[in-house]
file input-v6.pdb (PDB, C-alpha atoms)
ATOM      1  CA  MET R   1      25.549  -4.762  -1.109
ATOM      2  CA  THR R   2      26.076  -1.034  -1.041
ATOM      3  CA  ASN R   3      24.663   1.529  -3.420
ATOM      4  CA  THR R   4      27.803   1.196  -5.518
ATOM      5  CA  THR R   5      26.311  -2.049  -6.827
ATOM      6  CA  LYS R   6      25.570  -1.648 -10.522
ATOM      7  CA  ILE R   7      21.970  -2.583 -11.225
ATOM      8  CA  GLY R   8      20.387  -3.452 -14.544
ATOM      9  CA  TRP R   9      16.634  -3.234 -15.097
ATOM     10  CA  ILE R  10      14.537  -4.933 -17.779
ATOM     11  CA  GLY R  11      10.899  -3.893 -18.256
ATOM     12  CA  LEU R  12       9.636  -0.328 -17.886
ATOM     13  CA  GLY R  13       5.884  -0.841 -17.873
ATOM     14  CA  LEU R  14       3.309   0.418 -15.387
ATOM     15  CA  MET R  15       5.140  -1.241 -12.496
ATOM     16  CA  GLY R  16       8.709  -1.483 -13.739
ATOM     17  CA  ASN R  17       9.062   2.229 -14.390
ATOM     18  CA  PRO R  18       8.261   3.494 -10.868
ATOM     19  CA  MET R  19      10.034   0.535  -9.248
ATOM     20  CA  SER R  20      13.258   1.241 -11.112
ATOM     21  CA  GLN R  21      13.013   4.897 -10.162
ATOM     22  CA  GLN R  22      13.215   3.911  -6.482
ATOM     23  CA  LEU R  23      16.716   2.568  -7.124
ATOM     24  CA  LEU R  24      17.771   5.789  -8.820
ATOM     25  CA  LYS R  25      16.456   7.724  -5.820
ATOM     26  CA  ALA R  26      18.497   5.452  -3.539
ATOM     27  CA  GLY R  27      21.659   6.336  -5.466
ATOM     28  CA  TYR R  28      22.280   3.062  -7.253
ATOM     29  CA  PRO R  29      23.966   3.215 -10.676
ATOM     30  CA  LEU R  30      21.173   2.010 -12.972
ATOM     31  CA  THR R  31      21.264   0.734 -16.542
ATOM     32  CA  VAL R  32      17.986  -0.126 -18.260
ATOM     33  CA  TYR R  33      16.765  -2.149 -21.203
ATOM     34  CA  ASN R  34      13.284  -1.978 -22.691
ATOM     35  CA  ARG R  35      11.908  -2.766 -26.128
ATOM     36  CA  ASN R  36      10.080   0.592 -26.148
ATOM     37  CA  LYS R  37      12.936   3.077 -26.380
ATOM     38  CA  ASP R  38      10.725   6.051 -25.474
ATOM     39  CA  LYS R  39      10.453   4.652 -21.944
ATOM     40  CA  VAL R  40      14.220   4.258 -21.822
ATOM     41  CA  ALA R  41      14.680   7.912 -22.772
ATOM     42  CA  ALA R  42      12.586   9.049 -19.815
ATOM     43  CA  LEU R  43      14.781   7.081 -17.381
ATOM     44  CA  LYS R  44      17.956   8.398 -19.004
ATOM     45  CA  GLU R  45      16.769  11.913 -18.243
ATOM     46  CA  GLN R  46      16.689  10.886 -14.573
ATOM     47  CA  GLY R  47      20.262   9.587 -14.636
ATOM     48  CA  ALA R  48      20.028   6.017 -15.876
ATOM     49  CA  GLN R  49      22.199   4.525 -18.588
ATOM     50  CA  ALA R  50      20.849   2.349 -21.401
ATOM     51  CA  ALA R  51      21.838  -1.039 -22.803
ATOM     52  CA  SER R  52      20.889  -2.243 -26.267
ATOM     53  CA  THR R  53      20.293  -5.908 -25.328
ATOM     54  CA  PRO R  54      19.751  -8.017 -22.198
ATOM     55  CA  LYS R  55      23.150  -9.634 -22.832
ATOM     56  CA  GLU R  56      24.871  -6.242 -22.829
ATOM     57  CA  LEU R  57      22.953  -5.223 -19.725
ATOM     58  CA  LEU R  58      24.178  -8.213 -17.725
ATOM     59  CA  GLU R  59      27.749  -7.666 -18.849
ATOM     60  CA  GLN R  60      27.652  -4.071 -17.596
ATOM     61  CA  THR R  61      26.016  -4.669 -14.200
ATOM     62  CA  ASP R  62      26.203  -6.751 -11.009
ATOM     63  CA  VAL R  63      22.499  -7.397 -10.484
ATOM     64  CA  VAL R  64      19.754  -7.549 -13.121
ATOM     65  CA  ILE R  65      16.099  -7.092 -12.151
ATOM     66  CA  ILE R  66      13.289  -8.123 -14.506
ATOM     67  CA  MET R  67       9.684  -6.877 -14.444
ATOM     68  CA  VAL R  68       7.754  -8.115 -17.479
ATOM     69  CA  THR R  69       4.372  -9.675 -18.230
ATOM     70  CA  ASP R  70       4.549 -13.422 -18.717
ATOM     71  CA  ASP R  71       6.503 -16.649 -19.102
ATOM     72  CA  GLN R  72       7.175 -16.152 -22.807
ATOM     73  CA  ALA R  73       8.718 -12.733 -22.185
ATOM     74  CA  ILE R  74      10.963 -14.306 -19.552
ATOM     75  CA  ARG R  75      12.074 -17.055 -21.919
ATOM     76  CA  ASP R  76      12.880 -14.467 -24.600
ATOM     77  CA  ILE R  77      14.874 -12.314 -22.162
ATOM     78  CA  PHE R  78      16.951 -15.239 -20.951
ATOM     79  CA  ALA R  79      17.332 -17.418 -24.013
ATOM     80  CA  GLY R  80      16.750 -15.050 -26.939
ATOM     81  CA  GLU R  81      19.386 -14.247 -29.530
ATOM     82  CA  ASP R  82      20.945 -11.546 -27.304
ATOM     83  CA  GLY R  83      19.510 -12.845 -24.063
ATOM     84  CA  LEU R  84      20.982 -12.903 -20.600
ATOM     85  CA  LEU R  85      22.267 -16.448 -21.009
ATOM     86  CA  LYS R  86      24.250 -15.592 -24.138
ATOM     87  CA  THR R  87      26.982 -13.917 -22.078
ATOM     88  CA  GLY R  88      29.928 -15.573 -20.376
ATOM     89  CA  ALA R  89      29.455 -13.450 -17.260
ATOM     90  CA  THR R  90      29.336 -15.357 -13.961
ATOM     91  CA  ASP R  91      28.646 -14.742 -10.243
ATOM     92  CA  LYS R  92      25.924 -12.206 -10.927
ATOM     93  CA  ILE R  93      22.383 -12.113  -9.540
ATOM     94  CA  ILE R  94      19.252 -12.091 -11.686
ATOM     95  CA  ILE R  95      16.055 -11.166  -9.832
ATOM     96  CA  ASN R  96      12.803 -11.934 -11.628
ATOM     97  CA  MET R  97      10.082  -9.728 -10.090
ATOM     98  CA  SER R  98       7.481 -10.628 -12.722
ATOM     99  CA  THR R  99       4.311 -12.545 -11.882
ATOM    100  CA  VAL R 100       5.043 -15.758 -13.745
ATOM    101  CA  SER R 101       4.812 -19.490 -13.161
ATOM    102  CA  PRO R 102       6.924 -21.307 -10.572
ATOM    103  CA  ALA R 103       7.878 -23.665 -13.397
ATOM    104  CA  ILE R 104       9.538 -20.950 -15.496
ATOM    105  CA  SER R 105      11.491 -19.806 -12.443
ATOM    106  CA  ARG R 106      12.762 -23.318 -11.773
ATOM    107  CA  GLU R 107      13.675 -23.673 -15.433
ATOM    108  CA  MET R 108      15.560 -20.359 -15.543
ATOM    109  CA  ASP R 109      17.245 -21.099 -12.213
ATOM    110  CA  GLY R 110      18.624 -24.317 -13.643
ATOM    111  CA  LEU R 111      19.901 -22.554 -16.750
ATOM    112  CA  CYS R 112      21.473 -19.820 -14.631
ATOM    113  CA  LYS R 113      23.246 -22.301 -12.376
ATOM    114  CA  ALA R 114      24.719 -24.008 -15.441
ATOM    115  CA  LYS R 115      26.164 -20.614 -16.431
ATOM    116  CA  GLY R 116      27.469 -19.732 -12.961
ATOM    117  CA  LEU R 117      24.709 -17.175 -12.359
ATOM    118  CA  ASN R 118      22.328 -16.756  -9.408
ATOM    119  CA  TYR R 119      18.542 -16.517  -9.745
ATOM    120  CA  LEU R 120      15.783 -15.306  -7.437
ATOM    121  CA  ASP R 121      12.042 -15.049  -8.075
ATOM    122  CA  ALA R 122      10.714 -11.977  -6.258
ATOM    123  CA  PRO R 123       7.206 -10.978  -7.362
ATOM    124  CA  VAL R 124       5.422  -8.123  -5.642
ATOM    125  CA  SER R 125       2.026  -7.487  -4.081
ATOM    126  CA  GLY R 126       0.754  -3.991  -4.721
ATOM    127  CA  SER R 127      -0.075  -1.805  -7.670
ATOM    128  CA  VAL R 128       1.186   1.386  -9.269
ATOM    129  CA  LYS R 129       0.578   3.592  -6.230
ATOM    130  CA  GLN R 130       2.596   1.253  -3.994
ATOM    131  CA  ALA R 131       5.352   1.077  -6.603
ATOM    132  CA  GLU R 132       5.537   4.859  -6.709
ATOM    133  CA  THR R 133       5.909   5.065  -2.924
ATOM    134  CA  ALA R 134       8.128   1.994  -2.340
ATOM    135  CA  GLN R 135       5.339   0.309  -0.347
ATOM    136  CA  LEU R 136       5.256  -2.992  -2.203
ATOM    137  CA  VAL R 137       5.327  -6.367  -0.441
ATOM    138  CA  ILE R 138       8.014  -8.580  -1.976
ATOM    139  CA  MET R 139       8.062 -12.376  -1.656
ATOM    140  CA  VAL R 140      11.281 -14.107  -2.647
ATOM    141  CA  GLY R 141      12.142 -17.649  -3.663
ATOM    142  CA  GLY R 142      15.683 -18.958  -4.054
ATOM    143  CA  GLU R 143      18.832 -19.698  -2.104
ATOM    144  CA  ALA R 144      19.020 -17.973   1.271
ATOM    145  CA  ASP R 145      22.563 -16.654   0.820
ATOM    146  CA  VAL R 146      21.676 -15.074  -2.537
ATOM    147  CA  PHE R 147      18.575 -13.536  -0.949
ATOM    148  CA  LYS R 148      20.711 -11.955   1.768
ATOM    149  CA  GLN R 149      22.856 -10.294  -0.869
ATOM    150  CA  ALA R 150      19.850  -8.942  -2.739
ATOM    151  CA  GLU R 151      17.728  -7.958   0.260
ATOM    152  CA  PRO R 152      19.126  -4.403   0.696
ATOM    153  CA  ILE R 153      18.305  -3.627  -2.927
ATOM    154  CA  LEU R 154      14.794  -5.021  -2.697
ATOM    155  CA  ALA R 155      14.242  -3.064   0.514
ATOM    156  CA  LYS R 156      14.486   0.144  -1.526
ATOM    157  CA  ILE R 157      11.519  -1.001  -3.629
ATOM    158  CA  GLY R 158       9.168  -2.401  -0.986
ATOM    159  CA  LYS R 159       8.123  -1.985   2.627
ATOM    160  CA  MET R 160       8.344  -5.726   3.314
ATOM    161  CA  VAL R 161      10.784  -8.247   1.837
ATOM    162  CA  VAL R 162      10.357 -11.895   2.857
ATOM    163  CA  HIS R 163      12.260 -15.016   1.851
ATOM    164  CA  VAL R 164       9.453 -17.574   1.502
ATOM    165  CA  GLY R 165      11.326 -20.660   0.321
ATOM    166  CA  GLU R 166      13.160 -22.306  -2.529
ATOM    167  CA  THR R 167      13.066 -21.277  -6.180
ATOM    168  CA  GLY R 168       9.480 -20.768  -7.362
ATOM    169  CA  ALA R 169       8.084 -20.222  -3.863
ATOM    170  CA  GLY R 170       7.824 -16.477  -4.440
ATOM    171  CA  ASN R 171       5.799 -17.111  -7.572
ATOM    172  CA  SER R 172       3.513 -19.547  -5.751
ATOM    173  CA  ALA R 173       2.908 -17.075  -2.921
ATOM    174  CA  LYS R 174       2.100 -14.308  -5.401
ATOM    175  CA  LEU R 175      -0.372 -16.502  -7.278
ATOM    176  CA  ALA R 176      -2.118 -17.324  -4.008
ATOM    177  CA  ILE R 177      -2.399 -13.609  -3.216
ATOM    178  CA  ASN R 178      -3.728 -12.751  -6.659
ATOM    179  CA  THR R 179      -6.221 -15.591  -6.473
ATOM    180  CA  LEU R 180      -7.676 -14.032  -3.328
ATOM    181  CA  LEU R 181      -7.541 -10.632  -5.044
ATOM    182  CA  SER R 182      -9.749 -11.971  -7.822
ATOM    183  CA  PHE R 183     -12.268 -13.333  -5.314
ATOM    184  CA  TYR R 184     -12.403 -10.044  -3.477
ATOM    185  CA  THR R 185     -12.689  -7.945  -6.622
ATOM    186  CA  GLN R 186     -15.560  -9.986  -8.007
ATOM    187  CA  GLY R 187     -17.223 -10.058  -4.592
ATOM    188  CA  LEU R 188     -17.009  -6.280  -4.269
ATOM    189  CA  ALA R 189     -18.504  -5.817  -7.733
ATOM    190  CA  GLU R 190     -21.342  -8.233  -6.991
ATOM    191  CA  ALA R 191     -22.130  -6.523  -3.667
ATOM    192  CA  VAL R 192     -22.313  -3.098  -5.288
ATOM    193  CA  ILE R 193     -24.575  -4.432  -8.033
ATOM    194  CA  LEU R 194     -26.858  -6.183  -5.530
ATOM    195  CA  ALA R 195     -27.218  -2.986  -3.513
ATOM    196  CA  LYS R 196     -27.815  -0.873  -6.620
ATOM    197  CA  ASN R 197     -30.501  -3.234  -7.855
ATOM    198  CA  ASN R 198     -32.278  -2.724  -4.544
ATOM    199  CA  GLY R 199     -32.214   1.060  -4.652
ATOM    200  CA  ILE R 200     -28.971   1.728  -2.779
ATOM    201  CA  GLU R 201     -26.502   3.963  -4.581
ATOM    202  CA  PRO R 202     -22.959   2.552  -4.956
ATOM    203  CA  ALA R 203     -21.473   5.521  -3.096
ATOM    204  CA  VAL R 204     -23.760   4.856  -0.130
ATOM    205  CA  LEU R 205     -22.845   1.184   0.069
ATOM    206  CA  LEU R 206     -19.144   1.961  -0.313
ATOM    207  CA  ASP R 207     -19.340   4.487   2.512
ATOM    208  CA  LEU R 208     -20.913   1.804   4.687
ATOM    209  CA  LEU R 209     -18.222  -0.701   3.720
ATOM    210  CA  GLY R 210     -15.517   1.850   4.463
ATOM    211  CA  ASN R 211     -16.733   2.076   8.055
ATOM    212  CA  ALA R 212     -17.580  -1.579   8.584
ATOM    213  CA  ALA R 213     -15.463  -4.372  10.057
ATOM    214  CA  ILE R 214     -14.362  -5.455   6.558
ATOM    215  CA  ALA R 215     -13.066  -1.983   5.591
ATOM    216  CA  ASN R 216      -9.714  -1.973   3.789
ATOM    217  CA  PRO R 217      -7.725   0.258   1.411
ATOM    218  CA  TYR R 218      -8.525  -1.922  -1.600
ATOM    219  CA  THR R 219     -12.271  -1.425  -1.164
ATOM    220  CA  LYS R 220     -11.760   2.332  -1.010
ATOM    221  CA  LEU R 221      -9.516   2.375  -4.083
ATOM    222  CA  LYS R 222     -11.678   0.173  -6.280
ATOM    223  CA  GLY R 223     -14.899   1.642  -4.903
ATOM    224  CA  GLU R 224     -13.747   5.077  -6.031
ATOM    225  CA  ALA R 225     -13.012   3.605  -9.463
ATOM    226  CA  ILE R 226     -16.598   2.368  -9.673
ATOM    227  CA  THR R 227     -18.214   5.606  -8.492
ATOM    228  CA  ASN R 228     -15.963   7.739 -10.707
ATOM    229  CA  ASN R 229     -16.394   5.431 -13.702
ATOM    230  CA  ASN R 230     -12.601   5.267 -13.948
ATOM    231  CA  PHE R 231     -11.411   1.896 -15.181
ATOM    232  CA  LYS R 232      -7.946   2.867 -16.393
ATOM    233  CA  ALA R 233      -5.724  -0.115 -15.735
ATOM    234  CA  ALA R 234      -3.480  -0.155 -12.691
ATOM    235  CA  PHE R 235      -3.625  -3.961 -12.925
ATOM    236  CA  SER R 236      -5.428  -5.101 -16.038
ATOM    237  CA  LEU R 237      -8.287  -7.553 -16.157
ATOM    238  CA  LYS R 238      -6.457  -9.675 -18.734
ATOM    239  CA  ASN R 239      -3.528 -10.021 -16.343
ATOM    240  CA  ILE R 240      -5.699 -11.399 -13.551
ATOM    241  CA  VAL R 241      -6.918 -13.973 -16.088
ATOM    242  CA  LYS R 242      -3.293 -14.876 -16.798
ATOM    243  CA  ASP R 243      -2.599 -15.243 -13.085
ATOM    244  CA  LEU R 244      -5.698 -17.344 -12.413
ATOM    245  CA  LYS R 245      -4.653 -19.676 -15.219
ATOM    246  CA  LEU R 246      -1.211 -19.964 -13.626
ATOM    247  CA  SER R 247      -2.904 -20.690 -10.296
ATOM    248  CA  LYS R 248      -4.936 -23.407 -11.976
ATOM    249  CA  ASP R 249      -1.715 -24.873 -13.338
ATOM    250  CA  ILE R 250      -0.339 -25.262  -9.808
ATOM    251  CA  GLY R 251      -3.493 -26.791  -8.357
ATOM    252  CA  LEU R 252      -6.320 -24.275  -8.029
ATOM    253  CA  THR R 253      -9.425 -26.454  -8.427
ATOM    254  CA  THR R 254     -11.636 -25.074  -5.657
ATOM    255  CA  PRO R 255     -15.141 -23.670  -6.338
ATOM    256  CA  LEU R 256     -14.317 -19.968  -5.983
ATOM    257  CA  GLY R 257     -11.181 -20.355  -8.073
ATOM    258  CA  GLU R 258     -13.010 -21.985 -10.935
ATOM    259  CA  ALA R 259     -15.837 -19.433 -10.762
ATOM    260  CA  ALA R 260     -13.446 -16.462 -10.755
ATOM    261  CA  LEU R 261     -11.451 -17.758 -13.709
ATOM    262  CA  ASN R 262     -14.636 -18.394 -15.670
ATOM    263  CA  THR R 263     -16.035 -14.923 -14.960
ATOM    264  CA  PHE R 264     -12.874 -12.923 -15.560
ATOM    265  CA  GLU R 265     -12.048 -14.903 -18.701
ATOM    266  CA  LYS R 266     -15.455 -14.091 -20.194
ATOM    267  CA  ALA R 267     -15.114 -10.429 -19.204
ATOM    268  CA  SER R 268     -11.650 -10.182 -20.737
ATOM    269  CA  ALA R 269     -12.999 -10.314 -24.273
ATOM    270  CA  GLU R 270     -14.498  -6.839 -23.843
ATOM    271  CA  PHE R 271     -12.723  -5.340 -20.833
ATOM    272  CA  GLY R 272      -9.314  -7.059 -20.845
ATOM    273  CA  ASP R 273      -7.279  -3.872 -21.228
ATOM    274  CA  GLU R 274      -9.139  -2.080 -18.436
ATOM    275  CA  ASP R 275      -8.528  -2.420 -14.711
ATOM    276  CA  LEU R 276      -9.616  -5.681 -13.120
ATOM    277  CA  ILE R 277     -12.434  -3.823 -11.308
ATOM    278  CA  ALA R 278     -14.019  -3.510 -14.771
ATOM    279  CA  ILE R 279     -15.471  -6.884 -13.811
ATOM    280  CA  TYR R 280     -18.139  -4.620 -12.307
ATOM    281  CA  LYS R 281     -19.110  -3.372 -15.762
ATOM    282  CA  TYR R 282     -19.210  -6.886 -17.161
ATOM    283  CA  LEU R 283     -21.400  -8.220 -14.346
ATOM    284  CA  ASP R 284     -23.629  -5.147 -14.539
ATOM    285  CA  GLY R 285     -24.273  -5.743 -18.200
ATOM    286  CA  GLY R 286     -22.169  -2.775 -19.323
ATOM    287  CA  ASN R 287     -24.350  -0.282 -17.453
TER     288      ASN R 287
END
call {"tool": "encode", "arguments": {"input": "input-v6.pdb", "output": "structure tokens"}}
result
Amino acid sequence: MTNTTKIGWIGLGLMGNPMSQQLLKAGYPLTVYNRNKDKVAALKEQGAQAASTPKELLEQTDVVIIMVTDDQAIRDIFAGEDGLLKTGATDKIIINMSTVSPAISREMDGLCKAKGLNYLDAPVSGSVKQAETAQLVIMVGGEADVFKQAEPILAKIGKMVVHVGETGAGNSAKLAINTLLSFYTQGLAEAVILAKNNGIEPAVLLDLLGNAAIANPYTKLKGEAITNNNFKAAFSLKNIVKDLKLSKDIGLTTPLGEAALNTFEKASAEFGDEDLIAIYKYLDGGN
């Protein structure tokens, strides 16, 4: 597909907004839909058009990309009163980049096929910073020929775009990645607390970690959040709980998985709207 392909975008949250902007920068004609119209206005100022419903959006575009929170939002977007499936349009591609269950992707794929539409699940690994710089890793499930058509578009959003298997495989891969993310985040928080309780300042430990064999960008990013007491959500704690529950639904029963879900779920009551590294505050007793 060339950049004359008309793209529709649904979902202008923390990730959807900068991701959609990458397509505007690449010169694609972009039409957006979002329940919060203030976010739509900001994209219109950058050259996007606006649609009043998902149905209208699909009718006006060739490819629709979705970036929303959960399975229920997906079901509403597809099957709601003015949803994507309420149109008679055919031969279009719908790319669901949300972190949702493999089951909802298989369900929506079946409904799309019955309508003559094509579906891909294409969740991303990375946070707001990677979205703003088109450095996301994108894992895609669905038919290979549909993936080939969509790949040039996705390549404008991420640094790596991989077809990982049939419908739902992208979702499964993303849940595996986020499961490991939860382990690492809790482990980092526990290490900092252990050091602090033995007289080692968090900044000192984090400097050591940053120069050790296990150094990585995530440690630096979340370590700075801890030392700066900045827990503004790039990826919220309540969303990692959602993802761990989805992982459990597809077979996560191992010891670390169960421990992480238990810990993050308890922390979510107080720190759910903060970044997932706020698990540090929960484990540290709010100190």
call {"tool": "resolve_selection", "arguments": {"input": "input-v6.pdb", "expression": "the PyMOL selection byres ((chain R and resi 74-81) around 10)", "output": "list in words"}}
result
Ile10, Thr53, Pro54, Lys55, Ile66, Met67, Val68, Thr69, Asp70, Asp71, Gln72, Ala73, Asp82, Gly83, Leu84, Leu85, Lys86, Asn96, Ser98, Val100, Ile104, Ser105, Glu107, Met108, Leu111 and Cys112 of chain R
call {"tool": "atom_distance", "arguments": {"input": "input-v6.pdb", "atom1": "CA of Asp273 (chain R)", "atom2": "CA of Trp9 (chain R)"}}
result
24.7 Å
call {"tool": "atom_distance", "arguments": {"input": "input-v6.pdb", "atom1": "CA of Thr87 (chain R)", "atom2": "CA of Leu58 (chain R)"}}
result
7.7 Å
call {"tool": "residues_near_point", "arguments": {"input": "input-v6.pdb", "point": "(-8.6, -23.7, -4.9)", "cutoff": "12 Å", "atoms": "only C-alpha atoms", "output": "list in words"}}
result
Leu175, Ala176, Ile177, Thr179, Leu180, Phe183, Leu244, Lys245, Ser247, Lys248, Asp249, Ile250, Gly251, Leu252, Thr253, Thr254, Pro255, Leu256, Gly257, Glu258, Ala259, Ala260 and Leu261 of chain R
call {"tool": "residues_near_point", "arguments": {"input": "input-v6.pdb", "point": "(-8.1, 4.1, -17.0)", "cutoff": "10 Å", "atoms": "all atoms listed in the file", "output": "PyMOL selection string"}}
result
chain R and resi 225+229-234+236+273-275+278
call {"tool": "resolve_selection", "arguments": {"input": "input-v6.pdb", "expression": "the PyMOL selection byres ((chain R and resi 138) around 8)", "output": "ChimeraX atom specification"}}
result
/R:122-125,136-137,139-140,154,158,160-162
call {"tool": "write_last_selection", "arguments": {"input": "input-v6.pdb", "atoms": "C-alpha atoms", "output": "PDB file, in the coordinates of the input"}}
result
ATOM      1  CA  ALA R 122      10.714 -11.977  -6.258  1.00  0.00           C
ATOM      2  CA  PRO R 123       7.206 -10.978  -7.362  1.00  0.00           C
ATOM      3  CA  VAL R 124       5.422  -8.123  -5.642  1.00  0.00           C
ATOM      4  CA  SER R 125       2.026  -7.487  -4.081  1.00  0.00           C
ATOM      5  CA  LEU R 136       5.256  -2.992  -2.203  1.00  0.00           C
ATOM      6  CA  VAL R 137       5.327  -6.367  -0.441  1.00  0.00           C
ATOM      7  CA  MET R 139       8.062 -12.376  -1.656  1.00  0.00           C
ATOM      8  CA  VAL R 140      11.281 -14.107  -2.647  1.00  0.00           C
ATOM      9  CA  LEU R 154      14.794  -5.021  -2.697  1.00  0.00           C
ATOM     10  CA  GLY R 158       9.168  -2.401  -0.986  1.00  0.00           C
ATOM     11  CA  MET R 160       8.344  -5.726   3.314  1.00  0.00           C
ATOM     12  CA  VAL R 161      10.784  -8.247   1.837  1.00  0.00           C
ATOM     13  CA  VAL R 162      10.357 -11.895   2.857  1.00  0.00           C
TER      14      VAL R 162
END
call {"tool": "atom_distance", "arguments": {"input": "input-v6.pdb", "atom1": "CA of Ala51 (chain R)", "atom2": "CA of Lys242 (chain R)"}}
result
29.3 Å
call {"tool": "resolve_selection", "arguments": {"input": "input-v6.pdb", "expression": "the PyMOL selection byres ((chain R and resi 265) around 12)", "output": "ChimeraX atom specification"}}
result
/R:182,237-245,257-264,266-272,276,279,282
call {"tool": "closest_residue", "arguments": {"input": "input-v6.pdb", "among": "R:Gly141, R:Gln130, R:Ala195, R:Phe235", "to": "Asp109 (chain R)", "atoms": "all atoms listed in the file"}}
result
R:Gly141
call {"tool": "closest_residue", "arguments": {"input": "input-v6.pdb", "among": "R:Lys113, R:Lys174, R:Lys220, R:Lys6", "to": "Glu143 (chain R)", "atoms": "all atoms listed in the file"}}
result
R:Lys113
call {"tool": "decode", "arguments": {"input": "input-v6.pdb", "residues": "region 176-182 of chain R", "atoms": "all heavy atoms", "output": "PDB file, in the first residue's frame"}}
result
ATOM      1  N   ALA R 176       2.508 -12.658  26.720  1.00  0.00           N
ATOM      2  CA  ALA R 176       3.734 -13.266  27.235  1.00  0.00           C
ATOM      3  C   ALA R 176       4.764 -12.195  27.591  1.00  0.00           C
ATOM      4  O   ALA R 176       5.418 -12.258  28.643  1.00  0.00           O
ATOM      5  CB  ALA R 176       4.311 -14.240  26.206  1.00  0.00           C
ATOM      6  N   ILE R 177       4.896 -11.193  26.721  1.00  0.00           N
ATOM      7  CA  ILE R 177       5.840 -10.102  26.974  1.00  0.00           C
ATOM      8  C   ILE R 177       5.441  -9.320  28.218  1.00  0.00           C
ATOM      9  O   ILE R 177       6.271  -9.009  29.081  1.00  0.00           O
ATOM     10  CB  ILE R 177       5.930  -9.179  25.752  1.00  0.00           C
ATOM     11  CG1 ILE R 177       6.668  -9.896  24.605  1.00  0.00           C
ATOM     12  CG2 ILE R 177       6.634  -7.863  26.095  1.00  0.00           C
ATOM     13  CD1 ILE R 177       6.632  -9.151  23.293  1.00  0.00           C
ATOM     14  N   ASN R 178       4.169  -9.008  28.346  1.00  0.00           N
ATOM     15  CA  ASN R 178       3.729  -8.225  29.499  1.00  0.00           C
ATOM     16  C   ASN R 178       3.773  -9.025  30.798  1.00  0.00           C
ATOM     17  O   ASN R 178       3.933  -8.461  31.882  1.00  0.00           O
ATOM     18  CB  ASN R 178       2.330  -7.655  29.256  1.00  0.00           C
ATOM     19  CG  ASN R 178       2.398  -6.351  28.482  1.00  0.00           C
ATOM     20  OD1 ASN R 178       3.436  -6.017  27.909  1.00  0.00           O
ATOM     21  ND2 ASN R 178       1.303  -5.619  28.447  1.00  0.00           N
ATOM     22  N   THR R 179       3.655 -10.331  30.690  1.00  0.00           N
ATOM     23  CA  THR R 179       3.838 -11.169  31.872  1.00  0.00           C
ATOM     24  C   THR R 179       5.265 -11.035  32.387  1.00  0.00           C
ATOM     25  O   THR R 179       5.501 -10.817  33.580  1.00  0.00           O
ATOM     26  CB  THR R 179       3.507 -12.630  31.538  1.00  0.00           C
ATOM     27  OG1 THR R 179       2.123 -12.734  31.186  1.00  0.00           O
ATOM     28  CG2 THR R 179       3.782 -13.536  32.730  1.00  0.00           C
ATOM     29  N   LEU R 180       6.230 -11.135  31.488  1.00  0.00           N
ATOM     30  CA  LEU R 180       7.631 -10.947  31.885  1.00  0.00           C
ATOM     31  C   LEU R 180       7.859  -9.532  32.404  1.00  0.00           C
ATOM     32  O   LEU R 180       8.593  -9.331  33.382  1.00  0.00           O
ATOM     33  CB  LEU R 180       8.557 -11.234  30.702  1.00  0.00           C
ATOM     34  CG  LEU R 180      10.060 -11.043  30.955  1.00  0.00           C
ATOM     35  CD1 LEU R 180      10.543 -11.941  32.087  1.00  0.00           C
ATOM     36  CD2 LEU R 180      10.852 -11.309  29.675  1.00  0.00           C
ATOM     37  N   LEU R 181       7.219  -8.553  31.787  1.00  0.00           N
ATOM     38  CA  LEU R 181       7.330  -7.165  32.246  1.00  0.00           C
ATOM     39  C   LEU R 181       6.892  -7.033  33.698  1.00  0.00           C
ATOM     40  O   LEU R 181       7.529  -6.328  34.496  1.00  0.00           O
ATOM     41  CB  LEU R 181       6.477  -6.260  31.351  1.00  0.00           C
ATOM     42  CG  LEU R 181       6.464  -4.770  31.702  1.00  0.00           C
ATOM     43  CD1 LEU R 181       7.809  -4.138  31.384  1.00  0.00           C
ATOM     44  CD2 LEU R 181       5.348  -4.059  30.940  1.00  0.00           C
ATOM     45  N   SER R 182       5.818  -7.718  34.046  1.00  0.00           N
ATOM     46  CA  SER R 182       5.341  -7.649  35.438  1.00  0.00           C
ATOM     47  C   SER R 182       6.351  -8.270  36.394  1.00  0.00           C
ATOM     48  O   SER R 182       6.594  -7.727  37.473  1.00  0.00           O
ATOM     49  CB  SER R 182       3.981  -8.338  35.570  1.00  0.00           C
ATOM     50  OG  SER R 182       4.093  -9.753  35.516  1.00  0.00           O
TER      51      SER R 182
END
